[in-house]
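Colleague: Just dropping this structure here.
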Amino acid sequence: MPLVMKEFSDIGQQLTSKSGIDDLMEDLFKALHSGRTDLCQLNGGSPAVLPEVSELWRTRMMEMIESGEFDSLVGTYAHPRGDVRFITALVNYLNERYHWGLTLENIAITQGGQMAFFTLFNVLAGKKSSGEQKEILFPLCPDYIGYQSQSLCGAEVFRGIKPDIELIGDHEFKYKVNFDLLEIRPETAAMCLSRPTNPTGNVVSDEELAMLHQRAKKANIPILVDNAYGAPFPNICFVENNPIWDEHVVLSMSLSKIGLPGTRTGIVIARPEIIDAVIGMTTTSALCPNNLGQKIVAPLIEDGRLDTLCHDTLLPFYYDRSLFARKLLNEYFGNDVPWRHHKSEGAMFLWLWFEGLPISSQELYERCRDRGCYINPGHHFFFAVEEGDEPWNHRHECVRISFTATEDALRRGLSILAEEVKKAYQK
Ligand SMILES: Cc1ncc(COP(=O)(O)O)c(C=O)c1O
């Protein structure tokens with residue numbers, strides 16, 4: 001007899017229940033492997049595949065095969081902390097740039113940034129033997145959908161703050177941290193935010209980050225900064241901003257958005273007690289992280305090729321794509337319906353807001369999907385904000401689109417989206 005879900009343990013049910021990230025990965029896979037060239041996949045978080053970038057990975061693989069390094073890459077377990085050469089290269093590189101005074105004890109490598117947050121959330125938040133329930137506070141929602149079902153203690157451990165909304169011109173806006181609503185409680189274990197933010201492309205300003213950091217320090221809790229798109233790599237940032245680190249900050253980075261998502265390589269930079277916890281979780285769950293990304297990238301950090309790649313290839317590509325997608329929005333939406341996009345400050349997404357949209361973003365997503373255009377309905381990204389007594393329509397009026405798709409797919413996809421939005425307002 002097949003095992004049904006209600007027979008799973010509480011943790012089993014928590015880990016296997018369907019959430020926004022499952023739909024996203026499923027849609028991504030379906031569209032990718034459907035063989036249908038007419039599908040417009042504007043929904044994923046995968047980086048664009050760029051020929052210069054693929055060429056660099058191929059060159060590194062050839063170098064490793066020729067030098068014999070390939071044999072230890074596939075044939076050995078690394079230390080659970082990660083590869084010593086890679087971590088040493090990171091320590092030197094980050095200290096040179098930012099003077100953070102890091103040592104090897106401040107870094108651990110994980111199976112991707114996703115696993116880093118699974119570890120951090122579960123180490124820091126949830127039930128304690130004292131009966132207390134610790135929480136993770138998201139100071140600026142919406143935030144990354146992938147966090148939604150990561151706590152083994154359920155979504156109750158997440159609390160999110162509604163943003164201030166600054167309107168910019170006729171068709172733009174920006175979310176800002178609402179410091180009046182930001183309450184750190186005795187049960188708050190840590191704050192967390194992605195910067196640049198997935199889904200909005202927001203870059204929380206240096207001033208806002210400094211204020212959050214101050215509040216965290218005063219409450220003696222860490223602030224987790226998810227730097228998956230940030231400086232120094234991949235540095236998909238269109239506005240000036242500076243990463244920060246000290247013992248109250250847990251900075252997470254990833255090799256995915258430089259073009260190596262398949263290698264599953266995340267980087268956690270934190271004080272040693274937190275790093276030891278991450279290493280413990282890696283040992284328990286996987287013995288050690290994946291060698292591949294670390295071995296490919298270590299020499300590129302050492303000799304500056306990674307900086308060149310980010311500066312000369314990745315940043316111009318994503319900046320141009322963002323401009324192109326915004327040009328299309330103006331063309332397709334014009335002034336017919338109330339539409340705005342979040343100020344595009346980084347990452348690979350545009351976040352669109354249709355104020356007063358007569359249908360939900362879920363319904364809009366389904367109508368577009370039925371016409372072969374995949375977008376992400378926005379409500380999932382507000383997972384940490386309680387529904388509350390007053391309905392907050394904004395959470396059902398937004399969608400995320402990724403601008404990594406080809407120009408042709410963006411053209412076709414955004415024109416379908418514009419048609420469906422216009423139809424919805426007409427009824
Ligand atoms: C903000 C953010 N954090 C973390 C991740 C997870 O990335 P990975 O596990 O590939 O490093 C993603 C992936 O899209 C992301 O957008």
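Identifiers for the structure tokens are assigned positionally: chains receive A, B, ... in sequence, residues are indexed from 1 per chain, and ligands are indexed from 1 in the order shown.
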Which residues are close to Tyr98 (chain A), i.e. within 10 Å by only C-alpha atoms, leaving aside same-chain residues fewer than 3 positions away? Reply as a ChimeraX atom specification.
Modeller: /A:93-95,101-102,232,242-245
Colleague: Just want the 8 Å neighbourhood of region 279-291 of chain A, counted on only C-alpha atoms, with same-chain residues fewer than 4 positions away dropped. Output as a PyMOL selection string.
Modeller: chain A and resi 73-74+77-83+108-111+119+263-265+275+295
Colleague: Closest to Arg271 (chain A) among A:Lys127, A:Lys257, A:His248, A:Arg195, using only C-alpha atoms?
Modeller: A:His248
Colleague: Which residues, written as a PyMOL selection string, have at least one atom at most 12 Å from Gly201 (chain A), with only C-alpha atoms counted and residues fewer than 2 positions away on the same chain left out?
Modeller: chain A and resi 142-144+173-175+194-199+203-204+228-230+236-239+318-319+322+341-352+400-403
Colleague: Okay, now the selection with N, CA, C and O atoms, as a compact mmCIF listing (two decimals), in the first residue's frame?
Modeller:
```
# COMPACT_ATOMS: atom_id res chain seq x y z
N PRO A 142 7.47 42.12 0.30
CA PRO A 142 7.73 40.72 0.00
C PRO A 142 9.22 40.36 -0.02
O PRO A 142 10.06 41.22 -0.21
N ASP A 143 9.47 39.04 0.19
CA ASP A 143 10.85 38.55 0.08
C ASP A 143 10.83 37.16 -0.57
O ASP A 143 9.76 36.66 -0.94
N TYR A 144 11.99 36.53 -0.64
CA TYR A 144 12.22 35.33 -1.45
C TYR A 144 11.28 34.16 -1.09
O TYR A 144 11.24 33.71 0.06
N PHE A 173 7.61 52.42 -8.53
CA PHE A 173 7.51 52.58 -7.07
C PHE A 173 8.69 51.89 -6.42
O PHE A 173 9.44 51.17 -7.08
N LYS A 174 8.85 52.14 -5.11
CA LYS A 174 9.93 51.47 -4.37
C LYS A 174 9.45 51.16 -2.96
O LYS A 174 8.81 51.98 -2.32
N TYR A 175 9.74 49.93 -2.51
CA TYR A 175 9.44 49.54 -1.13
C TYR A 175 10.55 50.05 -0.23
O TYR A 175 11.74 49.96 -0.57
N SER A 194 16.71 39.51 1.70
CA SER A 194 17.57 39.34 0.52
C SER A 194 17.85 40.72 -0.06
O SER A 194 16.98 41.58 -0.10
N ARG A 195 19.10 40.94 -0.48
CA ARG A 195 19.54 42.26 -0.96
C ARG A 195 20.61 42.08 -2.03
O ARG A 195 21.69 41.59 -1.66
N PRO A 196 20.37 42.39 -3.29
CA PRO A 196 19.13 42.77 -3.92
C PRO A 196 18.02 41.75 -3.62
O PRO A 196 18.30 40.57 -3.46
N THR A 197 16.80 42.26 -3.62
CA THR A 197 15.67 41.42 -3.20
C THR A 197 15.08 40.64 -4.37
O THR A 197 14.79 41.21 -5.41
N ASN A 198 14.94 39.35 -4.15
CA ASN A 198 14.10 38.52 -4.99
C ASN A 198 12.76 38.50 -4.26
O ASN A 198 12.73 38.06 -3.12
N PRO A 199 11.67 39.01 -4.76
CA PRO A 199 11.28 39.15 -6.15
C PRO A 199 11.34 40.57 -6.74
O PRO A 199 11.03 40.73 -7.91
N VAL A 203 17.07 47.23 -3.95
CA VAL A 203 18.28 47.14 -3.15
C VAL A 203 18.05 48.02 -1.93
O VAL A 203 17.99 49.25 -2.05
N VAL A 204 17.86 47.36 -0.79
CA VAL A 204 17.71 48.10 0.47
C VAL A 204 18.94 49.00 0.59
O VAL A 204 20.07 48.54 0.42
N ALA A 228 22.62 36.76 -2.65
CA ALA A 228 22.70 35.87 -3.82
C ALA A 228 22.96 36.64 -5.12
O ALA A 228 23.56 36.11 -6.06
N TYR A 229 22.50 37.92 -5.18
CA TYR A 229 22.68 38.72 -6.41
C TYR A 229 23.65 39.88 -6.19
O TYR A 229 23.85 40.69 -7.09
N GLY A 230 24.20 39.97 -4.98
CA GLY A 230 24.90 41.21 -4.59
C GLY A 230 26.38 41.25 -4.89
O GLY A 230 26.94 40.36 -5.55
N ILE A 236 25.00 41.81 -9.48
CA ILE A 236 23.95 42.27 -10.41
C ILE A 236 23.21 43.40 -9.69
O ILE A 236 22.10 43.23 -9.18
N CYS A 237 23.87 44.52 -9.59
CA CYS A 237 23.36 45.69 -8.87
C CYS A 237 23.47 46.89 -9.78
O CYS A 237 24.56 47.18 -10.29
N PHE A 238 22.36 47.61 -9.96
CA PHE A 238 22.36 48.77 -10.87
C PHE A 238 22.47 50.07 -10.09
O PHE A 238 22.39 51.15 -10.69
N VAL A 239 22.55 49.99 -8.79
CA VAL A 239 22.73 51.19 -7.96
C VAL A 239 23.90 50.95 -7.02
O VAL A 239 24.23 49.80 -6.70
N TYR A 318 22.60 41.93 -17.66
CA TYR A 318 21.35 42.03 -16.88
C TYR A 318 20.81 43.46 -16.89
O TYR A 318 19.60 43.67 -16.90
N TYR A 319 21.71 44.43 -16.90
CA TYR A 319 21.24 45.82 -16.94
C TYR A 319 20.49 46.09 -18.25
O TYR A 319 19.40 46.66 -18.26
N SER A 322 17.12 44.42 -18.28
CA SER A 322 16.15 45.14 -17.44
C SER A 322 15.60 46.34 -18.21
O SER A 322 14.39 46.57 -18.25
N HIS A 341 6.05 49.30 -12.07
CA HIS A 341 7.03 48.27 -11.71
C HIS A 341 7.89 48.81 -10.59
O HIS A 341 8.10 50.02 -10.46
N HIS A 342 8.38 47.87 -9.78
CA HIS A 342 9.30 48.30 -8.72
C HIS A 342 10.58 48.82 -9.37
O HIS A 342 11.02 48.29 -10.40
N LYS A 343 11.17 49.84 -8.78
CA LYS A 343 12.42 50.40 -9.29
C LYS A 343 13.41 49.25 -9.48
O LYS A 343 13.64 48.46 -8.56
N SER A 344 13.97 49.14 -10.67
CA SER A 344 14.84 48.01 -10.99
C SER A 344 16.27 48.36 -10.55
O SER A 344 16.99 49.03 -11.28
N GLU A 345 16.64 47.87 -9.36
CA GLU A 345 17.94 48.25 -8.80
C GLU A 345 18.94 47.10 -8.82
O GLU A 345 20.12 47.30 -8.52
N GLY A 346 18.45 45.89 -9.13
CA GLY A 346 19.36 44.75 -9.17
C GLY A 346 18.60 43.46 -9.37
O GLY A 346 17.39 43.46 -9.59
N ALA A 347 19.33 42.33 -9.30
CA ALA A 347 18.80 40.97 -9.52
C ALA A 347 18.28 40.81 -10.96
O ALA A 347 18.65 41.61 -11.84
N MET A 348 17.42 39.83 -11.19
CA MET A 348 17.04 39.53 -12.58
C MET A 348 15.52 39.51 -12.76
O MET A 348 14.99 38.78 -13.58
N PHE A 349 14.85 40.34 -11.94
CA PHE A 349 13.38 40.32 -11.96
C PHE A 349 12.79 41.72 -12.09
O PHE A 349 13.42 42.70 -11.67
N LEU A 350 11.59 41.76 -12.64
CA LEU A 350 10.76 42.96 -12.52
C LEU A 350 9.52 42.57 -11.73
O LEU A 350 8.95 41.50 -11.95
N TRP A 351 9.14 43.44 -10.83
CA TRP A 351 7.99 43.18 -9.95
C TRP A 351 6.92 44.19 -10.34
O TRP A 351 7.14 45.40 -10.24
N LEU A 352 5.80 43.67 -10.84
CA LEU A 352 4.77 44.55 -11.39
C LEU A 352 3.58 44.64 -10.44
O LEU A 352 3.18 43.64 -9.84
N ARG A 400 5.66 38.63 -10.48
CA ARG A 400 7.10 38.73 -10.76
C ARG A 400 7.37 38.18 -12.14
O ARG A 400 6.83 37.13 -12.51
N ILE A 401 8.19 38.89 -12.89
CA ILE A 401 8.68 38.30 -14.14
C ILE A 401 10.21 38.34 -14.12
O ILE A 401 10.82 39.24 -13.54
N SER A 402 10.80 37.31 -14.73
CA SER A 402 12.25 37.27 -14.81
C SER A 402 12.65 37.80 -16.18
O SER A 402 12.01 37.48 -17.18
N PHE A 403 13.69 38.65 -16.24
CA PHE A 403 14.10 39.15 -17.56
C PHE A 403 15.31 38.39 -18.12
O PHE A 403 16.03 38.90 -18.96
```
Colleague: Mind checking which residues fall within 10 Å of Cys40 (chain A), counting only C-alpha atoms, ignoring those fewer than 3 positions away in the same chain, and posting them as JSON, numbers by chain?
Modeller: {"A": [31, 32, 36, 37, 43, 368, 369, 371, 372, 373, 374, 375, 405, 406, 408, 409, 410, 411, 412, 413, 414, 416]}
Colleague: Find, counting only C-alpha atoms and all ligand atoms, the residue in A:Ile274, A:Val297, A:Leu364, A:Leu251 that gets nearest to ligand 1.
Modeller: A:Leu251
Colleague: From region 172-357 of chain A, collect each residue whose DSSP state is strand (DSSP E or B) and return the set as a ChimeraX atom specification.
Modeller: /A:172-176,188-194,223-226,237,249-254,266-269,340-342,346,349-353
Colleague: If you count only C-alpha atoms, which residues fall within 8 Å of Pro47 (chain A), apart from same-chain ones fewer than 2 positions away, as a PyMOL selection string?
Modeller: chain A and resi 45+49+256-259+261+348+404
Colleague: Produce a file of the selected residues containing C-alpha atoms, as a compact mmCIF listing (two decimals), in the first residue's frame.
Modeller:
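And here's result-v9.txt as it stands now:
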```txt
# COMPACT_ATOMS: atom_id res chain seq x y z
CA GLY A 45 15.28 32.13 -11.01
CA VAL A 49 23.19 30.99 -20.15
CA SER A 256 24.46 30.16 -8.78
CA LYS A 257 23.94 33.59 -10.27
CA ILE A 258 27.42 33.82 -11.78
CA GLY A 259 26.19 30.92 -13.93
CA PRO A 261 23.49 26.87 -10.29
CA MET A 348 17.04 39.53 -12.58
CA THR A 404 16.60 36.33 -18.23
```
Colleague: When you draw a straight line from CA of Arg340 (chain A) to CA of Glu420 (chain A), how long is it in Å?
Modeller: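 The value is 15.7 Å.
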Colleague: Can you list, as a list in words, every protein, DNA or RNA residue that comes within 6 Å of Phe382 (chain A) when you count only C-alpha atoms, leaving out same-chain residues fewer than 2 positions away?
Modeller: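 Counting only C-alpha atoms, the residues come to Cys141, Pro142, His379, His380, Ala384 and Val385 of chain A.
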Colleague: For the selection you just gave me, I'd like the residues written to a file as an mmCIF file, in the first residue's frame, keeping C-alpha atoms.
Modeller:
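Printed below is result24.cif as written:
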```cif
data_model
loop_
_atom_site.group_PDB
_atom_site.id
_atom_site.type_symbol
_atom_site.label_atom_id
_atom_site.label_comp_id
_atom_site.auth_asym_id
_atom_site.auth_seq_id
_atom_site.Cartn_x
_atom_site.Cartn_y
_atom_site.Cartn_z
ATOM 1 C CA CYS A 141 8.162 42.020 2.679
ATOM 2 C CA PRO A 142 7.725 40.715 0.003
ATOM 3 C CA HIS A 379 0.985 36.550 -3.161
ATOM 4 C CA HIS A 380 3.446 33.723 -2.344
ATOM 5 C CA ALA A 384 5.618 36.118 6.248
ATOM 6 C CA VAL A 385 2.972 38.866 6.504
#
```
Colleague: For a quick check of understanding, using only C-alpha atoms, which of A:Leu182, A:Ala231, A:Leu90, A:Ile165 has the smallest distance to His311 (chain A)?
Modeller: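 Of all the options, A:Ala231 lies closest to His311 (chain A).
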Colleague: Taking 5 positions as the minimum chain separation for residues in the same chain, which residues sit within 12 Å of Leu56 (chain A) when counting only C-alpha atoms? Answer as a VMD selection string.
Modeller: chain A and resid 49 to 51 61 to 63 258 to 260 296 to 297 299 to 300 305 to 306 308 to 309 313
Colleague: Let's have the selection written as a CSV table (one decimal), in the first residue's frame, with all heavy atoms.
Modeller:
```csv
chain,number,residue,atom,x,y,z
A,49,VAL,N,22.0,31.7,-19.7
A,49,VAL,CA,23.2,31.0,-20.1
A,49,VAL,C,23.9,31.8,-21.2
A,49,VAL,O,23.3,32.0,-22.3
A,49,VAL,CB,22.8,29.6,-20.7
A,49,VAL,CG1,24.0,28.9,-21.2
A,49,VAL,CG2,22.1,28.8,-19.6
A,50,LEU,N,25.0,32.4,-20.9
A,50,LEU,CA,25.7,33.3,-21.8
A,50,LEU,C,27.0,32.6,-22.4
A,50,LEU,O,27.7,32.0,-21.6
A,50,LEU,CB,26.2,34.6,-21.0
A,50,LEU,CG,25.1,35.3,-20.3
A,50,LEU,CD1,25.6,36.5,-19.5
A,50,LEU,CD2,24.0,35.7,-21.2
A,51,PRO,N,27.2,32.7,-23.7
A,51,PRO,CA,28.3,32.0,-24.3
A,51,PRO,C,29.6,32.2,-23.7
A,51,PRO,O,30.4,31.3,-23.4
A,51,PRO,CB,28.3,32.5,-25.8
A,51,PRO,CG,27.0,33.2,-26.0
A,51,PRO,CD,26.4,33.5,-24.6
A,61,MET,N,37.3,23.4,-16.8
A,61,MET,CA,37.2,21.9,-16.7
A,61,MET,C,38.3,21.3,-17.5
A,61,MET,O,39.0,20.4,-17.0
A,61,MET,CB,35.8,21.4,-17.4
A,61,MET,CG,34.6,21.6,-16.5
A,61,MET,SD,34.8,20.8,-14.9
A,61,MET,CE,34.4,19.1,-15.3
A,62,MET,N,38.7,21.9,-18.6
A,62,MET,CA,39.8,21.3,-19.4
A,62,MET,C,41.1,21.5,-18.6
A,62,MET,O,41.9,20.6,-18.5
A,62,MET,CB,40.0,22.1,-20.8
A,62,MET,CG,38.9,21.8,-21.8
A,62,MET,SD,38.5,20.0,-22.0
A,62,MET,CE,40.0,19.5,-22.7
A,63,GLU,N,41.3,22.7,-18.0
A,63,GLU,CA,42.5,22.9,-17.1
A,63,GLU,C,42.5,21.8,-16.0
A,63,GLU,O,43.6,21.3,-15.8
A,63,GLU,CB,42.4,24.3,-16.5
A,63,GLU,CG,42.8,25.4,-17.4
A,63,GLU,CD,42.5,26.8,-16.8
A,63,GLU,OE1,42.2,26.9,-15.5
A,63,GLU,OE2,42.6,27.8,-17.5
A,258,ILE,N,26.3,33.6,-10.8
A,258,ILE,CA,27.4,33.8,-11.8
A,258,ILE,C,27.3,32.8,-12.9
A,258,ILE,O,28.1,32.9,-13.9
A,258,ILE,CB,28.8,33.7,-11.2
A,258,ILE,CG1,29.1,32.4,-10.6
A,258,ILE,CG2,29.1,34.8,-10.1
A,258,ILE,CD1,30.6,32.2,-10.2
A,259,GLY,N,26.4,31.9,-12.8
A,259,GLY,CA,26.2,30.9,-13.9
A,259,GLY,C,26.5,29.5,-13.6
A,259,GLY,O,26.6,28.6,-14.4
A,260,LEU,N,26.6,29.2,-12.2
A,260,LEU,CA,26.9,27.8,-11.8
A,260,LEU,C,25.8,27.2,-10.9
A,260,LEU,O,26.1,26.6,-9.9
A,260,LEU,CB,28.2,27.8,-11.1
A,260,LEU,CG,29.5,28.0,-12.0
A,260,LEU,CD1,30.7,28.2,-11.2
A,260,LEU,CD2,29.7,26.9,-13.0
A,296,ILE,N,36.1,25.0,-9.6
A,296,ILE,CA,36.1,25.8,-10.8
A,296,ILE,C,36.5,27.2,-10.5
A,296,ILE,O,37.3,27.8,-11.2
A,296,ILE,CB,34.7,25.7,-11.5
A,296,ILE,CG1,34.4,24.4,-12.1
A,296,ILE,CG2,34.6,26.8,-12.6
A,296,ILE,CD1,33.0,24.2,-12.7
A,297,VAL,N,36.0,27.7,-9.4
A,297,VAL,CA,36.0,29.2,-9.2
A,297,VAL,C,37.3,29.7,-8.4
A,297,VAL,O,37.7,30.8,-8.6
A,297,VAL,CB,34.7,29.6,-8.5
A,297,VAL,CG1,34.8,31.1,-8.0
A,297,VAL,CG2,33.5,29.5,-9.5
A,299,PRO,N,40.6,29.5,-8.6
A,299,PRO,CA,41.6,30.2,-9.3
A,299,PRO,C,41.1,31.5,-10.0
A,299,PRO,O,41.9,32.5,-10.1
A,299,PRO,CB,42.1,29.3,-10.4
A,299,PRO,CG,41.3,28.1,-10.4
A,299,PRO,CD,40.4,28.1,-9.2
A,300,LEU,N,39.8,31.6,-10.3
A,300,LEU,CA,39.2,32.8,-10.9
A,300,LEU,C,39.1,33.9,-9.9
A,300,LEU,O,39.2,35.1,-10.2
A,300,LEU,CB,37.9,32.5,-11.5
A,300,LEU,CG,37.8,31.3,-12.5
A,300,LEU,CD1,36.3,31.1,-13.0
A,300,LEU,CD2,38.7,31.5,-13.6
A,305,ARG,N,39.9,36.8,-12.7
A,305,ARG,CA,39.0,36.6,-13.8
A,305,ARG,C,37.5,36.6,-13.4
A,305,ARG,O,36.6,37.0,-14.2
A,305,ARG,CB,39.3,35.2,-14.4
A,305,ARG,CG,40.4,35.2,-15.5
A,305,ARG,CD,40.6,33.9,-16.1
A,305,ARG,NE,41.3,32.9,-15.2
A,305,ARG,CZ,41.4,31.6,-15.5
A,305,ARG,NH1,41.0,31.1,-16.6
A,305,ARG,NH2,42.1,30.9,-14.6
A,306,LEU,N,37.2,36.3,-12.1
A,306,LEU,CA,35.8,36.4,-11.7
A,306,LEU,C,35.3,37.8,-11.7
A,306,LEU,O,34.2,38.1,-12.1
A,306,LEU,CB,35.6,35.7,-10.3
A,306,LEU,CG,34.2,35.7,-9.8
A,306,LEU,CD1,33.3,34.9,-10.7
A,306,LEU,CD2,34.1,35.1,-8.4
A,308,THR,N,36.3,40.3,-13.5
A,308,THR,CA,36.2,40.7,-14.9
A,308,THR,C,34.9,40.1,-15.5
A,308,THR,O,34.1,40.9,-16.2
A,308,THR,CB,37.4,40.2,-15.8
A,308,THR,OG1,38.6,40.5,-15.1
A,308,THR,CG2,37.4,40.7,-17.2
A,309,LEU,N,34.6,38.9,-15.2
A,309,LEU,CA,33.3,38.3,-15.7
A,309,LEU,C,32.1,39.0,-15.2
A,309,LEU,O,31.2,39.4,-15.9
A,309,LEU,CB,33.3,36.8,-15.2
A,309,LEU,CG,32.0,36.1,-15.5
A,309,LEU,CD1,32.1,35.6,-17.0
A,309,LEU,CD2,31.8,34.8,-14.6
A,313,THR,N,30.7,41.2,-18.3
A,313,THR,CA,29.7,40.4,-18.9
A,313,THR,C,28.4,40.4,-18.2
A,313,THR,O,27.3,40.7,-18.8
A,313,THR,CB,30.3,38.9,-19.1
A,313,THR,OG1,31.5,39.0,-19.7
A,313,THR,CG2,29.3,38.1,-19.9
```
Colleague: Which distance in Å separates CA of Lys134 (chain A) and CA of Arg395 (chain A), to one decimal?
Modeller: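 Here the two named atoms are 25.7 Å from each other.
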Colleague: According to DSSP computed on the backbone, where in region 108-188 of chain A is there alpha helix (DSSP H)? Give the residues as a list in words.
Modeller: Gly112, Gly113, Gln114, Met115, Ala116, Phe117, Phe118, Thr119, Leu120, Phe121, Asn122, Val123 and Leu124 of chain A
Colleague: Rounded to one decimal, what separation in Å do you get between CA of Asn122 (chain A) and CA of Glu386 (chain A)?
Modeller: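 Pair CA of Asn122 (chain A) / CA of Glu386 (chain A) returns 20.7 Å.
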Colleague: In terms of the shortest atom-to-atom distance over only C-alpha atoms and all ligand atoms, which of A:Ala298, A:Met115, A:Ala210, A:Ala418 is closest to ligand 1?
Modeller: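 Of A:Ala298, A:Met115, A:Ala210, A:Ala418, the one nearest ligand 1 is A:Met115, counting only C-alpha atoms and all ligand atoms.
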